[in-house]
$ cat coords-v4.pdb   # PDB, C-alpha atoms and all ligand atoms
ATOM      1  CA  MET Y   1      37.968  10.189   8.356
ATOM      2  CA  ILE Y   2      35.729   7.213   9.069
ATOM      3  CA  SER Y   3      32.881   6.729   6.652
ATOM      4  CA  PRO Y   4      29.531   7.408   8.287
ATOM      5  CA  TYR Y   5      28.383   4.077   6.891
ATOM      6  CA  ALA Y   6      31.185   2.056   8.513
ATOM      7  CA  THR Y   7      29.128   1.386  11.632
ATOM      8  CA  PHE Y   8      26.345  -0.048   9.524
ATOM      9  CA  ALA Y   9      28.558  -2.120   7.248
ATOM     10  CA  ASN Y  10      26.672  -5.271   8.131
ATOM     11  CA  ASN Y  11      23.385  -3.819   7.038
ATOM     12  CA  PRO Y  12      23.914  -1.150   4.381
ATOM     13  CA  ILE Y  13      20.419  -1.584   2.952
ATOM     14  CA  TRP Y  14      18.999  -0.220   6.150
ATOM     15  CA  PHE Y  15      20.093   3.324   5.446
ATOM     16  CA  SER Y  16      19.982   3.294   1.690
ATOM     17  CA  ASP Y  17      16.893   5.462   1.637
ATOM     18  CA  PRO Y  18      16.839   7.637   4.731
ATOM     19  CA  PHE Y  19      14.481  10.185   3.166
ATOM     20  CA  GLY Y  20      11.572   7.864   2.596
ATOM     21  CA  ASP Y  21      10.847   8.971  -0.952
ATOM     22  CA  THR Y  22       9.943   5.702  -2.586
ATOM     23  CA  LEU Y  23       6.174   5.556  -2.200
ATOM     24  CA  ARG Y  24       4.261   8.047  -4.309
ATOM     25  CA  THR Y  25       0.656   8.674  -5.215
ATOM     26  CA  ASP Y  26      -0.839  10.399  -8.256
ATOM     27  CA  GLY Y  27      -1.668  13.351  -6.017
ATOM     28  CA  SER Y  28      -5.415  12.828  -6.005
ATOM     29  CA  GLU Y  29      -7.480  13.277  -2.854
ATOM     30  CA  ALA Y  30      -8.894   9.766  -3.278
ATOM     31  CA  SER Y  31      -5.397   8.257  -3.273
ATOM     32  CA  SER Y  32      -4.401  10.172  -0.136
ATOM     33  CA  THR Y  33      -7.590   9.042   1.607
ATOM     34  CA  ASP Y  34      -6.875   5.407   0.697
ATOM     35  CA  ILE Y  35      -3.277   5.530   1.931
ATOM     36  CA  ARG Y  36      -4.318   7.214   5.205
ATOM     37  CA  SER Y  37      -7.173   4.759   5.726
ATOM     38  CA  ILE Y  38      -4.869   1.765   6.076
ATOM     39  CA  ALA Y  39      -3.088   3.478   8.984
ATOM     40  CA  GLY Y  40      -6.428   3.577  10.854
ATOM     41  CA  GLU Y  41      -6.145   5.415  14.167
ATOM     42  CA  HIS Y  42      -2.600   6.471  13.211
ATOM     43  CA  SER Y  43      -3.603   8.265  10.013
ATOM     44  CA  ASP Y  44      -2.345  11.598  11.393
ATOM     45  CA  ILE Y  45       1.286  10.435  11.171
ATOM     46  CA  VAL Y  46       0.944   9.649   7.472
ATOM     47  CA  SER Y  47       2.587  12.475   5.556
ATOM     48  CA  ILE Y  48       1.953  13.136   1.879
ATOM     49  CA  SER Y  49       4.125  15.939   0.519
ATOM     50  CA  SER Y  50       3.238  18.456  -2.169
ATOM     51  CA  ASP Y  51       5.093  16.286  -4.693
ATOM     52  CA  ASN Y  52       3.058  13.246  -3.594
ATOM     53  CA  VAL Y  53       5.738  11.456  -1.570
ATOM     54  CA  VAL Y  54       4.296   9.317   1.221
ATOM     55  CA  SER Y  55       6.100   8.785   4.515
ATOM     56  CA  ILE Y  56       5.512   8.126   8.194
ATOM     57  CA  ASP Y  57       6.307  11.353  10.032
ATOM     58  CA  PHE Y  58       6.090  11.288  13.815
ATOM     59  CA  ASP Y  59       6.947  14.994  14.024
ATOM     60  CA  LYS Y  60       3.404  15.693  12.856
ATOM     61  CA  VAL Y  61       2.018  14.668  16.270
ATOM     62  CA  LYS Y  62       4.962  15.607  18.508
ATOM     63  CA  ASP Y  63       3.315  18.814  19.751
ATOM     64  CA  GLN Y  64       0.113  17.118  20.841
ATOM     65  CA  ASP Y  65      -0.962  17.397  24.482
ATOM     66  CA  ARG Y  66      -0.892  13.629  24.952
ATOM     67  CA  PHE Y  67       2.925  13.762  24.823
ATOM     68  CA  LYS Y  68       3.252  16.527  27.404
ATOM     69  CA  ASN Y  69       3.866  16.450  31.127
ATOM     70  CA  LYS Y  70       1.495  18.265  33.485
ATOM     71  CA  ASN Y  71       3.786  21.302  33.428
ATOM     72  CA  GLY Y  72       3.620  21.372  29.619
ATOM     73  CA  THR Y  73       7.113  20.018  28.909
ATOM     74  CA  PHE Y  74       7.691  17.295  26.320
ATOM     75  CA  ASN Y  75       7.494  13.712  27.644
ATOM     76  CA  GLU Y  76       9.955  11.805  25.498
ATOM     77  CA  LYS Y  77       9.192   8.467  27.123
ATOM     78  CA  LYS Y  78       5.500   8.717  26.252
ATOM     79  CA  PHE Y  79       6.369   9.776  22.722
ATOM     80  CA  ASN Y  80       8.817   6.910  22.197
ATOM     81  CA  LYS Y  81       6.255   4.467  23.527
ATOM     82  CA  TYR Y  82       3.699   5.793  21.056
ATOM     83  CA  GLN Y  83       6.183   5.420  18.173
ATOM     84  CA  ARG Y  84       6.835   1.785  19.037
ATOM     85  CA  GLN Y  85       3.124   1.099  19.372
ATOM     86  CA  ALA Y  86       2.273   2.792  16.068
ATOM     87  CA  LEU Y  87       4.943   0.827  14.195
ATOM     88  CA  ARG Y  88       3.324  -2.400  15.379
ATOM     89  CA  HIS Y  89       0.198  -1.412  13.446
ATOM     90  CA  ALA Y  90       0.284  -3.432  10.228
ATOM     91  CA  GLY Y  91      -0.905  -0.514   8.068
ATOM     92  CA  VAL Y  92       1.659   1.913   9.495
ATOM     93  CA  ARG Y  93       4.371  -0.698   9.094
ATOM     94  CA  LEU Y  94       3.449  -1.321   5.479
ATOM     95  CA  ILE Y  95       3.560   2.392   4.614
ATOM     96  CA  ASN Y  96       6.845   2.711   6.494
ATOM     97  CA  ASN Y  97       8.327  -0.322   4.721
ATOM     98  CA  MET Y  98       7.282   0.840   1.266
ATOM     99  CA  SER Y  99       8.383   4.438   1.781
ATOM    100  CA  ASN Y 100      11.820   3.328   3.020
ATOM    101  CA  ASP Y 101      12.405   0.604   0.451
ATOM    102  CA  LYS Y 102      15.158   0.706  -2.172
ATOM    103  CA  LEU Y 103      12.448   0.031  -4.755
ATOM    104  CA  ASN Y 104       9.886   2.553  -5.980
ATOM    105  CA  TYR Y 105       6.143   2.162  -5.559
ATOM    106  CA  PHE Y 106       3.194   4.040  -6.977
ATOM    107  CA  TYR Y 107      -0.406   4.054  -5.793
ATOM    108  CA  ALA Y 108      -3.459   5.612  -7.426
ATOM    109  CA  ALA Y 109      -7.180   5.468  -6.819
ATOM    110  CA  THR Y 110      -7.792   6.781 -10.307
ATOM    111  CA  PRO Y 111      -9.150   4.739 -13.217
ATOM    112  CA  VAL Y 112      -6.632   5.211 -16.036
ATOM    113  CA  HIS Y 113      -3.215   3.696 -15.830
ATOM    114  CA  THR Y 114      -0.301   3.106 -18.210
ATOM    115  CA  LEU Y 115       1.577  -0.197 -18.172
ATOM    116  CA  GLU Y 116       4.208  -1.745 -20.364
ATOM    117  CA  THR Y 117       3.617  -5.127 -21.872
ATOM    118  CA  ARG Y 118       5.140  -7.630 -24.229
ATOM    119  CA  TRP Y 119       4.707 -11.221 -25.309
ATOM    120  CA  ASN Y 120       7.484 -13.596 -24.328
ATOM    121  CA  ASP Y 121       8.551 -14.081 -27.947
ATOM    122  CA  THR Y 122       8.926 -10.341 -28.653
ATOM    123  CA  GLU Y 123      11.781  -8.062 -27.663
ATOM    124  CA  GLU Y 124      10.035  -4.729 -27.348
ATOM    125  CA  TRP Y 125       8.056  -3.481 -24.397
ATOM    126  CA  GLU Y 126       5.009  -1.530 -25.490
ATOM    127  CA  GLU Y 127       3.041   0.995 -23.497
ATOM    128  CA  PHE Y 128      -0.637   0.362 -23.150
ATOM    129  CA  SER Y 129      -3.379   2.018 -21.177
ATOM    130  CA  VAL Y 130      -5.738   0.309 -18.737
ATOM    131  CA  ASP Y 131      -9.043   2.035 -18.061
ATOM    132  CA  LEU Y 132     -10.951   0.970 -14.963
ATOM    133  CA  SER Y 133     -13.681   3.626 -15.365
ATOM    134  CA  ASN Y 134     -16.396   1.043 -15.846
ATOM    135  CA  TYR Y 135     -15.444  -0.531 -12.539
ATOM    136  CA  SER Y 136     -16.005   2.539 -10.365
ATOM    137  CA  GLY Y 137     -18.438   1.792  -7.559
ATOM    138  CA  ASN Y 138     -17.556  -1.732  -8.427
ATOM    139  CA  TYR Y 139     -19.565  -4.778  -7.784
ATOM    140  CA  VAL Y 140     -17.640  -7.912  -6.971
ATOM    141  CA  ASP Y 141     -19.413 -10.819  -8.565
ATOM    142  CA  ASP Y 142     -18.248 -14.379  -7.998
ATOM    143  CA  TYR Y 143     -14.645 -13.229  -8.278
ATOM    144  CA  SER Y 144     -14.972 -13.038 -12.057
ATOM    145  CA  TRP Y 145     -13.944  -9.388 -12.223
ATOM    146  CA  PHE Y 146     -11.090  -7.110 -11.884
ATOM    147  CA  ASN Y 147     -11.172  -3.617 -10.434
ATOM    148  CA  ASN Y 148      -7.510  -3.209  -9.654
ATOM    149  CA  VAL Y 149      -4.195  -3.434 -11.427
ATOM    150  CA  SER Y 150      -1.171  -4.647  -9.504
ATOM    151  CA  THR Y 151       2.094  -4.953 -11.382
ATOM    152  CA  THR Y 152       5.686  -5.696 -10.625
ATOM    153  CA  PRO Y 153       8.590  -6.676 -12.864
ATOM    154  CA  ARG Y 154       9.421  -9.392 -10.334
ATOM    155  CA  GLY Y 155       6.679 -11.875 -11.076
ATOM    156  CA  THR Y 156       5.466 -13.613 -14.178
ATOM    157  CA  GLU Y 157       1.856 -13.701 -13.012
ATOM    158  CA  THR Y 158      -0.168 -10.547 -13.232
ATOM    159  CA  ASP Y 159      -3.594  -9.580 -12.021
ATOM    160  CA  LEU Y 160      -4.534  -8.948 -15.616
ATOM    161  CA  GLY Y 161      -4.841 -12.593 -16.422
ATOM    162  CA  SER Y 162      -3.252 -15.992 -16.190
ATOM    163  CA  ASN Y 163      -1.674 -16.045 -19.649
ATOM    164  CA  SER Y 164       1.958 -16.760 -18.824
ATOM    165  CA  ASP Y 165       3.125 -15.648 -22.283
ATOM    166  CA  LEU Y 166       2.083 -12.103 -21.549
ATOM    167  CA  ARG Y 167       4.452 -10.053 -19.416
ATOM    168  CA  THR Y 168       3.496  -6.743 -17.899
ATOM    169  CA  ARG Y 169       5.512  -4.292 -15.872
ATOM    170  CA  PRO Y 170       4.962  -0.825 -14.441
ATOM    171  CA  ALA Y 171       5.759   2.116 -16.687
ATOM    172  CA  ASN Y 172       7.778   5.208 -15.740
ATOM    173  CA  GLY Y 173      10.529   3.421 -13.830
ATOM    174  CA  TYR Y 174       8.427   2.209 -10.939
ATOM    175  CA  ASP Y 175       8.974  -1.244  -9.465
ATOM    176  CA  GLY Y 176       5.550  -1.805  -7.953
ATOM    177  CA  VAL Y 177       2.335  -0.159  -9.067
ATOM    178  CA  VAL Y 178      -1.176  -0.540  -7.662
ATOM    179  CA  PHE Y 179      -4.245   1.066  -9.216
ATOM    180  CA  ILE Y 180      -7.697   0.585  -7.728
ATOM    181  CA  ALA Y 181     -10.877   1.859  -9.349
ATOM    182  CA  PRO Y 182     -12.378   4.689  -7.294
ATOM    183  CA  GLY Y 183     -15.657   4.345  -5.444
ATOM    184  CA  SER Y 184     -17.271   1.881  -3.102
ATOM    185  CA  ILE Y 185     -16.739  -1.830  -3.326
ATOM    186  CA  TYR Y 186     -19.644  -4.239  -3.037
ATOM    187  CA  THR Y 187     -19.848  -7.966  -2.827
ATOM    188  CA  GLN Y 188     -22.592 -10.542  -2.785
ATOM    189  CA  LYS Y 189     -23.075 -12.973   0.024
ATOM    190  CA  ASN Y 190     -25.910 -15.518  -0.092
ATOM    191  CA  GLY Y 191     -27.678 -13.322  -2.630
ATOM    192  CA  ILE Y 192     -27.411 -10.186  -0.496
ATOM    193  CA  THR Y 193     -25.337  -7.223  -1.675
ATOM    194  CA  ILE Y 194     -23.131  -5.667   0.994
ATOM    195  CA  GLN Y 195     -20.604  -2.872   0.947
ATOM    196  CA  VAL Y 196     -17.165  -4.032   1.984
ATOM    197  CA  SER Y 197     -14.261  -2.142   3.474
ATOM    198  CA  ARG Y 198     -12.337  -0.222   0.843
ATOM    199  CA  ALA Y 199      -9.497   0.206   3.343
ATOM    200  CA  SER Y 200      -9.146  -3.558   3.699
ATOM    201  CA  TYR Y 201      -9.095  -3.893  -0.086
ATOM    202  CA  VAL Y 202      -6.398  -1.208  -0.381
ATOM    203  CA  PHE Y 203      -4.363  -2.800   2.408
ATOM    204  CA  HIS Y 204      -4.559  -6.216   0.782
ATOM    205  CA  GLU Y 205      -3.493  -5.024  -2.660
ATOM    206  CA  LEU Y 206      -0.633  -2.827  -1.408
ATOM    207  CA  GLN Y 207       0.677  -5.502   0.948
ATOM    208  CA  GLU Y 208       0.477  -8.111  -1.784
ATOM    209  CA  ASN Y 209       2.333  -5.869  -4.252
ATOM    210  CA  TYR Y 210       5.029  -5.201  -1.638
ATOM    211  CA  PHE Y 211       5.492  -8.945  -1.083
ATOM    212  CA  ARG Y 212       5.771  -9.554  -4.832
ATOM    213  CA  THR Y 213       8.051  -6.604  -5.510
ATOM    214  CA  HIS Y 214      10.300  -6.525  -2.455
ATOM    215  CA  TYR Y 215      10.442 -10.246  -1.547
ATOM    216  CA  LYS Y 216       9.967 -11.467  -5.137
ATOM    217  CA  MET Y 217       7.159 -13.752  -4.023
ATOM    218  CA  SER Y 218       4.966 -15.385  -6.642
ATOM    219  CA  TYR Y 219       1.476 -13.979  -6.978
ATOM    220  CA  PRO Y 220      -0.331 -16.846  -5.145
ATOM    221  CA  GLU Y 221       2.272 -16.810  -2.379
ATOM    222  CA  ALA Y 222       1.968 -13.045  -1.936
ATOM    223  CA  HIS Y 223      -1.813 -13.261  -1.955
ATOM    224  CA  LYS Y 224      -1.813 -15.846   0.833
ATOM    225  CA  SER Y 225       0.756 -13.911   2.877
ATOM    226  CA  SER Y 226      -1.285 -10.757   2.503
ATOM    227  CA  ILE Y 227      -4.395 -12.456   3.892
ATOM    228  CA  PHE Y 228      -2.321 -13.648   6.850
ATOM    229  CA  THR Y 229      -1.115 -10.087   7.499
ATOM    230  CA  GLU Y 230      -4.665  -8.721   7.343
ATOM    231  CA  ASP Y 231      -5.495 -10.342  10.680
ATOM    232  CA  ASN Y 232      -2.895  -8.172  12.391
ATOM    233  CA  TRP Y 233      -4.147  -5.108  10.517
ATOM    234  CA  LEU Y 234      -7.753  -5.801  11.515
ATOM    235  CA  LYS Y 235      -6.936  -6.196  15.202
ATOM    236  CA  ASN Y 236      -6.100  -2.487  15.346
ATOM    237  CA  LEU Y 237      -8.989  -1.487  13.178
ATOM    238  CA  PHE Y 238     -11.811  -3.005  15.202
ATOM    239  CA  ASP Y 239     -11.059  -0.723  18.158
ATOM    240  CA  ASN Y 240     -10.871   2.405  16.010
ATOM    241  CA  PRO Y 241     -12.658   1.716  12.743
ATOM    242  CA  THR Y 242     -11.920   3.955   9.798
ATOM    243  CA  PRO Y 243     -15.044   6.002   8.950
ATOM    244  CA  GLY Y 244     -17.134   4.343   6.286
ATOM    245  CA  GLU Y 245     -16.013   0.819   6.988
ATOM    246  CA  PHE Y 246     -18.542  -1.960   6.889
ATOM    247  CA  TYR Y 247     -17.085  -5.359   6.257
ATOM    248  CA  ARG Y 248     -13.692  -6.742   5.584
ATOM    249  CA  PHE Y 249     -13.257  -7.690   1.977
ATOM    250  CA  LYS Y 250     -13.402 -11.451   2.155
ATOM    251  CA  TYR Y 251     -10.859 -13.209  -0.008
ATOM    252  CA  ASP Y 252     -11.142 -16.985  -0.236
TER     253      ASP Y 252
HETATM  254 ZN    ZN C 301      -4.732 -10.948  -3.469
END
$ encode --input "coords-v4.pdb" --output "structure tokens"
Amino acid sequence: MISPYATFANNPIWFSDPFGDTLRTDGSEASSTDIRSIAGEHSDIVSISSDNVVSIDFDKVKDQDRFKNKNGTFNEKKFNKYQRQALRHAGVRLINNMSNDKLNYFYAATPVHTLETRWNDTEEWEEFSVDLSNYSGNYVDDYSWFNNVSTTPRGTETDLGSNSDLRTRPANGYDGVVFIAPGSIYTQKNGITIQVSRASYVFHELQENYFRTHYKMSYPEAHKSSIFTEDNWLKNLFDNPTPGEFYRFKYD
């Protein structure tokens, strides 16, 4: 018998995770809302299972009238066209990439998070807890703040600080972990306080973590690449803005 993988011998990674079980949330409503928000107009194809596994599931919209012929039968051509179009959306693509990756990712919009850390000259990893409670409804002031935690074992830099002697990595066997303090995000421009898009903030941090974890990019490299990708994400969002959006979070 021929192995079912023989056909794909040149690209085995492609089918290493056909079930899309590698992006999880903490199960909170706030986390689900954040994940769905980055898919914008396509949020109805974002599936979050009862055990908090995120995936892109086109079956969720298959029965909709927009994919039916006048006589009520299924129009496969229309449906396939929609699938291709949706996968060009940067937010949908990011969720799809993360949920089909070999590596495991975790997202939470809750304030308390456990990491592992150690100094370069010590052997043992130690668990420690990060509490972002004070940063809820956070105010972004001259970039001297932090209201998210983004960790990966594949970079020496962390968002916790620039001390290169301190290594952090996600706990619980995850490869990439992003935590963002719940609530609205504000920034100051020319002395005026404005609310910025939480969805854009979530997209940036998740995309950046994916670049660091999957492509092993350095933190500055991933940050720059994430800003570049945001332009594609925004293009889709301006036509169908996610409710509650005001301004893009402006990174320098
Ligand atoms: Zn960044």
$ resolve_selection --input "coords-v4.pdb" --expression "the PyMOL selection byres (((chain Y and resi 28) around 10) and not hetatm)" --output "mmCIF file with C-alpha atoms, keeping the file's coordinate frame"
data_model
loop_
_atom_site.group_PDB
_atom_site.id
_atom_site.type_symbol
_atom_site.label_atom_id
_atom_site.label_comp_id
_atom_site.auth_asym_id
_atom_site.auth_seq_id
_atom_site.Cartn_x
_atom_site.Cartn_y
_atom_site.Cartn_z
ATOM 1 C CA THR Y 25 0.656 8.674 -5.215
ATOM 2 C CA ASP Y 26 -0.839 10.399 -8.256
ATOM 3 C CA GLY Y 27 -1.668 13.351 -6.017
ATOM 4 C CA GLU Y 29 -7.480 13.277 -2.854
ATOM 5 C CA ALA Y 30 -8.894 9.766 -3.278
ATOM 6 C CA SER Y 31 -5.397 8.257 -3.273
ATOM 7 C CA SER Y 32 -4.401 10.172 -0.136
ATOM 8 C CA THR Y 33 -7.590 9.042 1.607
ATOM 9 C CA ASN Y 52 3.058 13.246 -3.594
ATOM 10 C CA ALA Y 108 -3.459 5.612 -7.426
ATOM 11 C CA ALA Y 109 -7.180 5.468 -6.819
ATOM 12 C CA THR Y 110 -7.792 6.781 -10.307
#
$ closest_atom_pairs --input "coords-v4.pdb" --of "chain Y" --to "ligand ZN 301 (chain C)" --cutoff "9 Å" --atoms "all atoms listed in the file" --output "CSV"
residue,atom,partner,partner_atom,distance
Y:Asp159,CA,C:ZN301,ZN,8.7
Y:Tyr201,CA,C:ZN301,ZN,9.0
Y:His204,CA,C:ZN301,ZN,6.4
Y:Glu205,CA,C:ZN301,ZN,6.1
Y:Gln207,CA,C:ZN301,ZN,8.9
Y:Glu208,CA,C:ZN301,ZN,6.2
Y:Asn209,CA,C:ZN301,ZN,8.7
Y:Tyr219,CA,C:ZN301,ZN,7.7
Y:Pro220,CA,C:ZN301,ZN,7.5
Y:Ala222,CA,C:ZN301,ZN,7.2
Y:His223,CA,C:ZN301,ZN,4.0
Y:Lys224,CA,C:ZN301,ZN,7.1
Y:Ser225,CA,C:ZN301,ZN,8.9
Y:Ser226,CA,C:ZN301,ZN,6.9
Y:Ile227,CA,C:ZN301,ZN,7.5
Y:Tyr251,CA,C:ZN301,ZN,7.4
$ axis_aligned_box --input "coords-v4.pdb" --around "region 106-119 of chain Y" --padding-each-side "4 Å" --output "lines of an AutoDock Vina configuration file"
center_x = -2.0
center_y = -2.2
center_z = -15.6
size_x = 22.3
size_y = 26.0
size_z = 27.5
$ atom_distance --input "coords-v4.pdb" --atom1 "CA of Ser49 (chain Y)" --atom2 "CA of Val92 (chain Y)"
16.8 Å
$ closest_residue --input "coords-v4.pdb" --among "Y:Phe211, Y:Val178, Y:Asn97, Y:Leu234" --to "Ser197 (chain Y)" --atoms "all atoms listed in the file"
Y:Leu234
$ residues_around --input "coords-v4.pdb" --residues "Phe106 (chain Y)" --least-positions-apart "5" --cutoff "6 Å" --atoms "only C-alpha atoms" --output "list in words"
Leu23, Arg24, Thr25 and Val177 of chain Y
$ atom_distance --input "coords-v4.pdb" --atom1 "CA of Lys81 (chain Y)" --atom2 "CA of Arg93 (chain Y)"
15.4 Å
$ residues_around --input "coords-v4.pdb" --residues "Glu127 (chain Y)" --least-positions-apart "2" --cutoff "9 Å" --atoms "only C-alpha atoms" --output "list in words"
Thr114, Leu115, Glu116, Thr117, Arg118, Trp125, Ser129 and Ala171 of chain Y
$ residues_around --input "coords-v4.pdb" --residues "Ala199 (chain Y)" --least-positions-apart "4" --cutoff "7 Å" --atoms "all atoms listed in the file" --output "list in words"
Asp34, Ser37, Ile38 and Phe203 of chain Y
$ atom_distance --input "coords-v4.pdb" --atom1 "CA of Leu132 (chain Y)" --atom2 "CA of Gly40 (chain Y)"
26.3 Å
$ resolve_selection --input "coords-v4.pdb" --expression "the PyMOL selection byres (((chain Y and resi 214) around 10) and not hetatm)" --output "list in words"
Asn97, Met98, Asp101, Lys102, Leu103, Asn104, Thr152, Arg154, Asp175, Gly176, Glu208, Asn209, Tyr210, Phe211, Arg212, Thr213, Tyr215, Lys216 and Met217 of chain Y
$ closest_residue --input "coords-v4.pdb" --among "Y:Thr193, Y:Asn80, Y:Ile35, Y:Val61" --to "Ile180 (chain Y)" --atoms "all atoms listed in the file"
Y:Ile35
$ closest_residue --input "coords-v4.pdb" --among "Y:Arg66, Y:Pro182, Y:Arg167, Y:Thr22" --to "Glu123 (chain Y)" --atoms "only C-alpha atoms"
Y:Arg167
$ resolve_selection --input "coords-v4.pdb" --expression "the PyMOL selection byres (((chain Y and resi 63) around 12) and not hetatm)" --output "ChimeraX atom specification"
/Y:58-62,64-69,72-76,79
$ closest_residue --input "coords-v4.pdb" --among "Y:Ile45, Y:His113, Y:Arg169, Y:Phe228" --to "Tyr82 (chain Y)" --atoms "all atoms listed in the file"
Y:Ile45
$ closest_residue --input "coords-v4.pdb" --among "Y:Thr122, Y:Asn71, Y:Asn134, Y:Ser55" --to "Asn96 (chain Y)" --atoms "only C-alpha atoms"
Y:Ser55
$ closest_residue --input "coords-v4.pdb" --among "Y:Ser184, Y:Asn148, Y:Ser50, Y:Gln83" --to "Arg198 (chain Y)" --atoms "all atoms listed in the file"
Y:Ser184
$ build_atoms --input "coords-v4.pdb" --residues "region 176-197 of chain Y" --atoms "N, CA and C atoms" --output "compact mmCIF listing (two decimals), in the frame of the given file"
# COMPACT_ATOMS: atom_id res chain seq x y z
N GLY Y 176 6.87 -1.28 -8.29
CA GLY Y 176 5.55 -1.80 -7.95
C GLY Y 176 4.49 -0.74 -8.15
N VAL Y 177 3.42 -1.11 -8.82
CA VAL Y 177 2.34 -0.16 -9.07
C VAL Y 177 0.99 -0.79 -8.73
N VAL Y 178 0.18 -0.08 -7.96
CA VAL Y 178 -1.18 -0.54 -7.66
C VAL Y 178 -2.17 0.55 -8.05
N PHE Y 179 -3.13 0.19 -8.86
CA PHE Y 179 -4.24 1.07 -9.22
C PHE Y 179 -5.53 0.40 -8.77
N ILE Y 180 -6.39 1.14 -8.10
CA ILE Y 180 -7.70 0.58 -7.73
C ILE Y 180 -8.77 1.55 -8.21
N ALA Y 181 -9.79 1.01 -8.86
CA ALA Y 181 -10.88 1.86 -9.35
C ALA Y 181 -11.49 2.62 -8.18
N PRO Y 182 -11.80 3.91 -8.38
CA PRO Y 182 -12.38 4.69 -7.29
C PRO Y 182 -13.80 4.24 -6.97
N GLY Y 183 -14.28 4.65 -5.81
CA GLY Y 183 -15.66 4.34 -5.44
C GLY Y 183 -15.78 3.24 -4.43
N SER Y 184 -17.00 2.91 -4.10
CA SER Y 184 -17.27 1.88 -3.10
C SER Y 184 -17.13 0.50 -3.71
N ILE Y 185 -16.88 -0.45 -2.86
CA ILE Y 185 -16.74 -1.83 -3.33
C ILE Y 185 -17.83 -2.69 -2.68
N TYR Y 186 -18.54 -3.41 -3.52
CA TYR Y 186 -19.64 -4.24 -3.04
C TYR Y 186 -19.35 -5.70 -3.33
N THR Y 187 -19.94 -6.55 -2.53
CA THR Y 187 -19.85 -7.97 -2.83
C THR Y 187 -21.19 -8.61 -2.55
N GLN Y 188 -21.34 -9.84 -3.00
CA GLN Y 188 -22.59 -10.54 -2.78
C GLN Y 188 -22.37 -11.75 -1.92
N LYS Y 189 -23.18 -11.83 -0.87
CA LYS Y 189 -23.08 -12.97 0.02
C LYS Y 189 -24.47 -13.57 0.17
N ASN Y 190 -24.61 -14.84 -0.17
CA ASN Y 190 -25.91 -15.52 -0.09
C ASN Y 190 -27.01 -14.69 -0.75
N GLY Y 191 -26.69 -14.08 -1.88
CA GLY Y 191 -27.68 -13.32 -2.63
C GLY Y 191 -27.91 -11.92 -2.12
N ILE Y 192 -27.22 -11.53 -1.05
CA ILE Y 192 -27.41 -10.19 -0.50
C ILE Y 192 -26.19 -9.33 -0.83
N THR Y 193 -26.43 -8.13 -1.33
CA THR Y 193 -25.34 -7.22 -1.68
C THR Y 193 -24.92 -6.42 -0.45
N ILE Y 194 -23.64 -6.46 -0.13
CA ILE Y 194 -23.13 -5.67 0.99
C ILE Y 194 -21.93 -4.85 0.55
N GLN Y 195 -21.78 -3.69 1.19
CA GLN Y 195 -20.60 -2.87 0.95
C GLN Y 195 -19.48 -3.42 1.81
N VAL Y 196 -18.31 -3.53 1.22
CA VAL Y 196 -17.16 -4.03 1.98
C VAL Y 196 -16.17 -2.90 2.22
N SER Y 197 -15.24 -3.16 3.10
CA SER Y 197 -14.26 -2.14 3.47
C SER Y 197 -13.30 -1.85 2.33
